[in-house]
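Shown below: coords.tsv, with TSV, N, CA and C atoms.
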chain	number	residue	atom	x	y	z
C	1	ILE	N	-121.59	91.59	-42.50
C	1	ILE	CA	-120.35	92.10	-43.05
C	1	ILE	C	-119.40	90.92	-43.21
C	2	LYS	N	-118.86	90.78	-44.42
C	2	LYS	CA	-117.92	89.70	-44.68
C	2	LYS	C	-117.06	90.07	-45.88
C	3	ASP	N	-115.75	89.92	-45.73
C	3	ASP	CA	-114.81	90.14	-46.83
C	3	ASP	C	-115.06	91.46	-47.58
C	4	HIS	N	-115.13	92.55	-46.86
C	4	HIS	CA	-115.31	93.89	-47.45
C	4	HIS	C	-116.61	94.03	-48.24
C	5	SER	N	-117.62	93.27	-47.86
C	5	SER	CA	-118.95	93.46	-48.43
C	5	SER	C	-119.97	93.38	-47.31
C	6	ALA	N	-121.15	93.92	-47.56
C	6	ALA	CA	-122.20	93.93	-46.56
C	6	ALA	C	-123.51	93.53	-47.20
C	7	ALA	N	-124.29	92.75	-46.48
C	7	ALA	CA	-125.66	92.44	-46.88
C	7	ALA	C	-126.56	93.34	-46.04
C	8	ILE	N	-127.33	94.18	-46.69
C	8	ILE	CA	-128.14	95.18	-46.01
C	8	ILE	C	-129.62	94.84	-46.19
C	9	TYR	N	-130.33	94.76	-45.08
C	9	TYR	CA	-131.79	94.68	-45.14
C	9	TYR	C	-132.34	95.54	-44.01
C	10	LEU	N	-132.89	96.67	-44.37
C	10	LEU	CA	-133.55	97.56	-43.42
C	10	LEU	C	-134.91	97.89	-44.02
C	11	PRO	N	-135.99	97.50	-43.39
C	11	PRO	CA	-137.31	97.64	-44.00
C	11	PRO	C	-137.79	99.08	-44.16
C	12	TYR	N	-137.20	100.00	-43.43
C	12	TYR	CA	-137.60	101.41	-43.54
C	12	TYR	C	-136.35	102.25	-43.41
C	13	MET	N	-136.20	103.26	-44.24
C	13	MET	CA	-134.96	104.05	-44.20
C	13	MET	C	-135.15	105.51	-43.89
C	14	GLY	N	-136.27	105.91	-43.31
C	14	GLY	CA	-136.46	107.29	-42.90
C	14	GLY	C	-137.03	108.15	-44.01
C	15	GLN	N	-137.12	109.45	-43.71
C	15	GLN	CA	-137.66	110.43	-44.65
C	15	GLN	C	-136.70	110.61	-45.83
C	16	ILE	N	-137.20	110.38	-47.04
C	16	ILE	CA	-136.37	110.48	-48.24
C	16	ILE	C	-136.48	111.90	-48.81
C	17	TYR	N	-135.33	112.50	-49.16
C	17	TYR	CA	-135.30	113.86	-49.68
C	17	TYR	C	-135.48	113.93	-51.20
C	18	GLN	N	-135.14	112.87	-51.90
C	18	GLN	CA	-135.25	112.87	-53.36
C	18	GLN	C	-136.46	112.04	-53.76
C	19	PRO	N	-137.51	112.65	-54.28
C	19	PRO	CA	-138.77	111.94	-54.52
C	19	PRO	C	-138.72	110.82	-55.54
C	20	GLN	N	-137.69	110.75	-56.38
C	20	GLN	CA	-137.66	109.67	-57.37
C	20	GLN	C	-137.37	108.31	-56.74
C	21	TYR	N	-136.96	108.28	-55.48
C	21	TYR	CA	-136.70	107.02	-54.79
C	21	TYR	C	-137.92	106.63	-53.98
C	22	SER	N	-138.22	105.33	-53.93
C	22	SER	CA	-139.33	104.86	-53.11
C	22	SER	C	-138.85	104.67	-51.68
C	23	ASN	N	-139.76	104.47	-50.78
C	23	ASN	CA	-139.39	104.24	-49.38
C	23	ASN	C	-139.64	102.77	-49.03
C	24	ASN	N	-139.14	101.88	-49.86
C	24	ASN	CA	-139.29	100.46	-49.63
C	24	ASN	C	-138.16	99.90	-48.79
C	25	GLY	N	-137.35	100.75	-48.21
C	25	GLY	CA	-136.23	100.31	-47.39
C	25	GLY	C	-135.02	99.93	-48.23
C	26	LEU	N	-134.09	99.24	-47.61
C	26	LEU	CA	-132.86	98.81	-48.26
C	26	LEU	C	-132.77	97.30	-48.21
C	27	ASP	N	-132.48	96.68	-49.34
C	27	ASP	CA	-132.35	95.24	-49.41
C	27	ASP	C	-131.40	94.90	-50.55
C	28	PHE	N	-130.09	94.79	-50.25
C	28	PHE	CA	-129.10	94.52	-51.28
C	28	PHE	C	-127.77	94.14	-50.66
C	29	GLU	N	-126.84	93.68	-51.47
C	29	GLU	CA	-125.46	93.45	-51.06
C	29	GLU	C	-124.59	94.48	-51.75
C	30	CYS	N	-123.51	94.90	-51.09
C	30	CYS	CA	-122.66	95.94	-51.65
C	30	CYS	C	-121.22	95.75	-51.20
C	31	SER	N	-120.32	96.40	-51.91
C	31	SER	CA	-118.91	96.46	-51.51
C	31	SER	C	-118.73	97.64	-50.57
C	32	ILE	N	-117.95	97.42	-49.53
C	32	ILE	CA	-117.70	98.47	-48.54
C	32	ILE	C	-116.50	99.31	-48.98
C	33	ASP	N	-116.65	100.65	-48.90
C	33	ASP	CA	-115.55	101.55	-49.25
C	33	ASP	C	-114.56	101.69	-48.09
C	34	GLU	N	-115.07	101.99	-46.90
C	34	GLU	CA	-114.23	102.14	-45.70
C	34	GLU	C	-114.85	101.32	-44.59
C	35	TYR	N	-113.99	100.75	-43.73
C	35	TYR	CA	-114.46	99.87	-42.66
C	35	TYR	C	-113.54	100.04	-41.46
C	36	PHE	N	-114.13	100.35	-40.30
C	36	PHE	CA	-113.35	100.54	-39.08
C	36	PHE	C	-114.02	99.80	-37.93
C	37	VAL	N	-113.21	99.19	-37.07
C	37	VAL	CA	-113.70	98.56	-35.84
C	37	VAL	C	-112.84	99.07	-34.70
C	38	LYS	N	-113.50	99.48	-33.62
C	38	LYS	CA	-112.73	99.90	-32.45
C	38	LYS	C	-113.43	99.42	-31.19
C	39	ASP	N	-112.65	99.32	-30.11
C	39	ASP	CA	-113.21	98.93	-28.83
C	39	ASP	C	-113.92	100.13	-28.21
C	40	GLY	N	-115.12	99.89	-27.73
C	40	GLY	CA	-115.89	100.93	-27.04
C	40	GLY	C	-115.85	100.71	-25.54
C	41	LYS	N	-116.70	101.41	-24.83
C	41	LYS	CA	-116.78	101.28	-23.38
C	41	LYS	C	-117.49	99.99	-22.99
C	42	ASN	N	-117.15	99.47	-21.82
C	42	ASN	CA	-117.82	98.31	-21.22
C	42	ASN	C	-117.86	97.08	-22.13
C	43	GLY	N	-116.78	96.83	-22.87
C	43	GLY	CA	-116.68	95.64	-23.70
C	43	GLY	C	-117.41	95.72	-25.04
C	44	LYS	N	-117.92	96.88	-25.36
C	44	LYS	CA	-118.64	97.04	-26.63
C	44	LYS	C	-117.67	97.17	-27.79
C	45	LYS	N	-118.12	96.83	-28.98
C	45	LYS	CA	-117.38	97.05	-30.22
C	45	LYS	C	-118.13	98.10	-31.04
C	46	GLU	N	-117.41	98.97	-31.70
C	46	GLU	CA	-118.00	99.98	-32.55
C	46	GLU	C	-117.52	99.76	-33.97
C	47	VAL	N	-118.46	99.51	-34.87
C	47	VAL	CA	-118.16	99.24	-36.27
C	47	VAL	C	-118.72	100.40	-37.10
C	48	THR	N	-117.88	100.93	-37.97
C	48	THR	CA	-118.30	102.00	-38.88
C	48	THR	C	-117.91	101.59	-40.29
C	49	PHE	N	-118.84	101.75	-41.24
C	49	PHE	CA	-118.48	101.50	-42.64
C	49	PHE	C	-119.28	102.39	-43.57
C	50	THR	N	-118.71	102.62	-44.75
C	50	THR	CA	-119.35	103.47	-45.75
C	50	THR	C	-119.37	102.74	-47.09
C	51	PHE	N	-120.32	103.12	-47.90
C	51	PHE	CA	-120.39	102.60	-49.27
C	51	PHE	C	-121.28	103.53	-50.10
C	52	GLN	N	-121.25	103.33	-51.40
C	52	GLN	CA	-122.09	104.10	-52.32
C	52	GLN	C	-122.87	103.12	-53.19
C	53	LYS	N	-124.15	103.41	-53.39
C	53	LYS	CA	-124.99	102.61	-54.28
C	53	LYS	C	-125.97	103.53	-54.98
C	54	ASP	N	-126.05	103.41	-56.30
C	54	ASP	CA	-126.97	104.24	-57.09
C	54	ASP	C	-126.80	105.72	-56.79
C	55	PHE	N	-125.57	106.19	-56.71
C	55	PHE	CA	-125.21	107.59	-56.50
C	55	PHE	C	-125.62	108.13	-55.13
C	56	VAL	N	-125.88	107.24	-54.19
C	56	VAL	CA	-126.22	107.63	-52.82
C	56	VAL	C	-125.12	107.14	-51.90
C	57	ASP	N	-124.61	108.04	-51.04
C	57	ASP	CA	-123.58	107.69	-50.06
C	57	ASP	C	-124.24	107.26	-48.76
C	58	TYR	N	-123.74	106.18	-48.17
C	58	TYR	CA	-124.27	105.65	-46.93
C	58	TYR	C	-123.17	105.57	-45.88
C	59	LEU	N	-123.55	105.87	-44.64
C	59	LEU	CA	-122.66	105.73	-43.48
C	59	LEU	C	-123.42	104.92	-42.43
C	60	PHE	N	-122.82	103.81	-42.01
C	60	PHE	CA	-123.40	102.97	-40.96
C	60	PHE	C	-122.50	102.99	-39.75
C	61	ARG	N	-123.11	103.10	-38.58
C	61	ARG	CA	-122.41	102.97	-37.30
C	61	ARG	C	-123.15	101.90	-36.50
C	62	ILE	N	-122.42	100.89	-36.08
C	62	ILE	CA	-123.03	99.79	-35.33
C	62	ILE	C	-122.30	99.65	-34.00
C	63	GLU	N	-123.04	99.67	-32.92
C	63	GLU	CA	-122.49	99.45	-31.59
C	63	GLU	C	-122.97	98.07	-31.14
C	64	ILE	N	-122.03	97.17	-30.84
C	64	ILE	CA	-122.36	95.80	-30.48
C	64	ILE	C	-122.00	95.56	-29.01
C	65	CYS	N	-122.98	95.17	-28.24
C	65	CYS	CA	-122.79	94.91	-26.81
C	65	CYS	C	-122.34	93.47	-26.59
C	66	PRO	N	-121.69	93.18	-25.47
C	66	PRO	CA	-121.23	91.81	-25.19
C	66	PRO	C	-122.37	90.77	-25.20
C	67	ASN	N	-123.60	91.17	-24.88
C	67	ASN	CA	-124.72	90.23	-24.86
C	67	ASN	C	-125.34	90.02	-26.24
C	68	GLY	N	-124.76	90.64	-27.29
C	68	GLY	CA	-125.25	90.47	-28.66
C	68	GLY	C	-126.22	91.53	-29.12
C	69	LYS	N	-126.64	92.41	-28.23
C	69	LYS	CA	-127.53	93.49	-28.64
C	69	LYS	C	-126.74	94.48	-29.50
C	70	ALA	N	-127.39	94.99	-30.54
C	70	ALA	CA	-126.72	95.91	-31.45
C	70	ALA	C	-127.59	97.13	-31.71
C	71	TYR	N	-126.95	98.27	-31.83
C	71	TYR	CA	-127.60	99.52	-32.18
C	71	TYR	C	-127.02	99.97	-33.52
C	72	VAL	N	-127.87	100.18	-34.49
C	72	VAL	CA	-127.44	100.55	-35.84
C	72	VAL	C	-127.95	101.95	-36.16
C	73	LYS	N	-127.04	102.82	-36.60
C	73	LYS	CA	-127.41	104.15	-37.06
C	73	LYS	C	-127.00	104.26	-38.52
C	74	MET	N	-127.93	104.69	-39.36
C	74	MET	CA	-127.68	104.81	-40.79
C	74	MET	C	-127.94	106.24	-41.23
C	75	GLN	N	-126.98	106.79	-41.97
C	75	GLN	CA	-127.15	108.10	-42.59
C	75	GLN	C	-126.90	107.93	-44.08
C	76	SER	N	-127.70	108.61	-44.90
C	76	SER	CA	-127.46	108.57	-46.34
C	76	SER	C	-127.55	109.99	-46.88
C	77	SER	N	-127.02	110.15	-48.08
C	77	SER	CA	-126.99	111.48	-48.69
C	77	SER	C	-128.36	111.88	-49.26
C	78	ASN	N	-129.34	110.97	-49.26
C	78	ASN	CA	-130.64	111.33	-49.81
C	78	ASN	C	-131.79	111.10	-48.83
C	79	ALA	N	-131.51	110.84	-47.56
C	79	ALA	CA	-132.58	110.58	-46.60
C	79	ALA	C	-132.16	111.01	-45.20
C	80	GLN	N	-133.17	111.22	-44.37
C	80	GLN	CA	-132.93	111.52	-42.97
C	80	GLN	C	-132.31	110.30	-42.30
C	81	GLY	N	-131.44	110.51	-41.34
C	81	GLY	CA	-130.82	109.41	-40.62
C	81	GLY	C	-131.85	108.64	-39.82
C	82	ILE	N	-131.57	107.38	-39.56
C	82	ILE	CA	-132.50	106.53	-38.81
C	82	ILE	C	-131.67	105.54	-37.99
C	83	SER	N	-132.27	105.05	-36.91
C	83	SER	CA	-131.56	104.06	-36.09
C	83	SER	C	-132.46	102.86	-35.84
C	84	TYR	N	-131.80	101.73	-35.63
C	84	TYR	CA	-132.45	100.45	-35.35
C	84	TYR	C	-131.76	99.83	-34.16
C	85	GLU	N	-132.45	98.90	-33.50
C	85	GLU	CA	-131.78	98.10	-32.48
C	85	GLU	C	-132.34	96.68	-32.53
C	86	GLY	N	-131.48	95.74	-32.15
C	86	GLY	CA	-131.86	94.34	-32.18
C	86	GLY	C	-130.71	93.50	-31.70
C	87	TYR	N	-130.73	92.22	-32.06
C	87	TYR	CA	-129.68	91.30	-31.63
C	87	TYR	C	-128.96	90.71	-32.83
C	88	ILE	N	-127.68	90.47	-32.69
C	88	ILE	CA	-126.86	89.86	-33.74
C	88	ILE	C	-127.22	88.38	-33.83
C	89	GLU	N	-127.40	87.89	-35.06
C	89	GLU	CA	-127.68	86.47	-35.27
C	89	GLU	C	-126.40	85.71	-35.50
Kindly present the structure from the file in structure tokens form.
Amino acid sequence: IKDHSAAIYLPYMGQIYQPQYSNNGLDFECSIDEYFVKDGKNGKKEVTFTFQKDFVDYLFRIEICPNGKAYVKMQSSNAQGISYEGYIE
């Protein structure tokens, strides 16, 4: 996330409801519509942002721990929600 844009790479995006889309994951850059950061429990940060691409609405929630571990939850208007976890680079 930088300057109201996000670079998204998620190799799998869950069960897709609209068959015209492939399940090759997400790999693109986009402009963010809404962006919020708040302090969570135990020093964590909670980042939420939304955007639209190709008529699909996306909602991302990212919980970042002090040790750099991150939990990402993605919901879209055309697929089942999915979550990822890893470390911030």
DSSP-assigned strand (DSSP E or B) among range 6-57 of chain C, expressed as a ChimeraX atom specification: /C:6-10,16,26-31,34-39,45-53,56-57
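Computed from the coordinates, the CA of Asn78 in chain C to CA of Cys65 in chain C distance equals 29.3 Å.
When CA of Leu10 in chain C is paired with CA of Asp27 in chain C, their separation reads 6.5 Å.
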Please identify all polymer residues within 8 Å of Asp33 in chain C, counting only N, CA and C atoms, omitting same-chain residues fewer than 5 positions from it, and present them as a PDB file with N, CA and C atoms, in the frame of the given file.
ATOM      1  N   HIS C   4    -115.130  92.550 -46.860  1.00  0.00           N
ATOM      2  CA  HIS C   4    -115.310  93.890 -47.450  1.00  0.00           C
ATOM      3  C   HIS C   4    -116.610  94.030 -48.240  1.00  0.00           C
ATOM      4  N   SER C   5    -117.620  93.270 -47.860  1.00  0.00           N
ATOM      5  CA  SER C   5    -118.950  93.460 -48.430  1.00  0.00           C
ATOM      6  C   SER C   5    -119.970  93.380 -47.310  1.00  0.00           C
ATOM      7  N   PHE C  49    -118.840 101.750 -41.240  1.00  0.00           N
ATOM      8  CA  PHE C  49    -118.480 101.500 -42.640  1.00  0.00           C
ATOM      9  C   PHE C  49    -119.280 102.390 -43.570  1.00  0.00           C
ATOM     10  N   THR C  50    -118.710 102.620 -44.750  1.00  0.00           N
ATOM     11  CA  THR C  50    -119.350 103.470 -45.750  1.00  0.00           C
ATOM     12  C   THR C  50    -119.370 102.740 -47.090  1.00  0.00           C
ATOM     13  N   PHE C  51    -120.320 103.120 -47.900  1.00  0.00           N
ATOM     14  CA  PHE C  51    -120.390 102.600 -49.270  1.00  0.00           C
ATOM     15  C   PHE C  51    -121.280 103.530 -50.100  1.00  0.00           C
ATOM     16  N   GLN C  52    -121.250 103.330 -51.400  1.00  0.00           N
ATOM     17  CA  GLN C  52    -122.090 104.100 -52.320  1.00  0.00           C
ATOM     18  C   GLN C  52    -122.870 103.120 -53.190  1.00  0.00           C
TER      19      GLN C  52
END
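Each of C:Glu46, C:Asp3, C:Glu29, C:Glu85 was compared to Lys69 in chain C using only N, CA and C atoms, and C:Glu85 turns out to be the nearest.
Reported to one decimal place, the separation of CA of Gly43 in chain C from CA of Gln75 in chain C is 24.9 Å.
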Near-Tyr71 in chain C list (5 Å; all atoms listed in the file; drop same-chain fewer than 3 positions) as a ChimeraX atom specification: /C:62-63,84-85
Kindly save the residues from that selection, with N, CA and C atoms included, as a CSV table (one decimal), in the coordinates of the input.
chain,number,residue,atom,x,y,z
C,62,ILE,N,-122.4,100.9,-36.1
C,62,ILE,CA,-123.0,99.8,-35.3
C,62,ILE,C,-122.3,99.6,-34.0
C,63,GLU,N,-123.0,99.7,-32.9
C,63,GLU,CA,-122.5,99.4,-31.6
C,63,GLU,C,-123.0,98.1,-31.1
C,84,TYR,N,-131.8,101.7,-35.6
C,84,TYR,CA,-132.4,100.4,-35.4
C,84,TYR,C,-131.8,99.8,-34.2
C,85,GLU,N,-132.4,98.9,-33.5
C,85,GLU,CA,-131.8,98.1,-32.5
C,85,GLU,C,-132.3,96.7,-32.5
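Across C:Glu89, C:Val72, C:Ala6, C:Ile1, the tightest approach to Ser31 in chain C is made by C:Ala6 when counting all atoms listed in the file.
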Contacts of Leu26 in chain C within 7 Å, only C-alpha atoms, excl. fewer than 5 positions in-chain, as a PyMOL selection string: chain C and resi 8-11+13
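Of the residues listed (C:Ala70, C:Ser77, C:Glu34, C:Lys45), C:Ser77 shows the shortest atom-to-atom separation from Asp57 in chain C; distances use only C-alpha atoms.
Residue nearest Ile88 in chain C, chosen from C:Lys73, C:Tyr58, C:Gly68, C:Gly25 and counting only N, CA and C atoms: C:Gly68.
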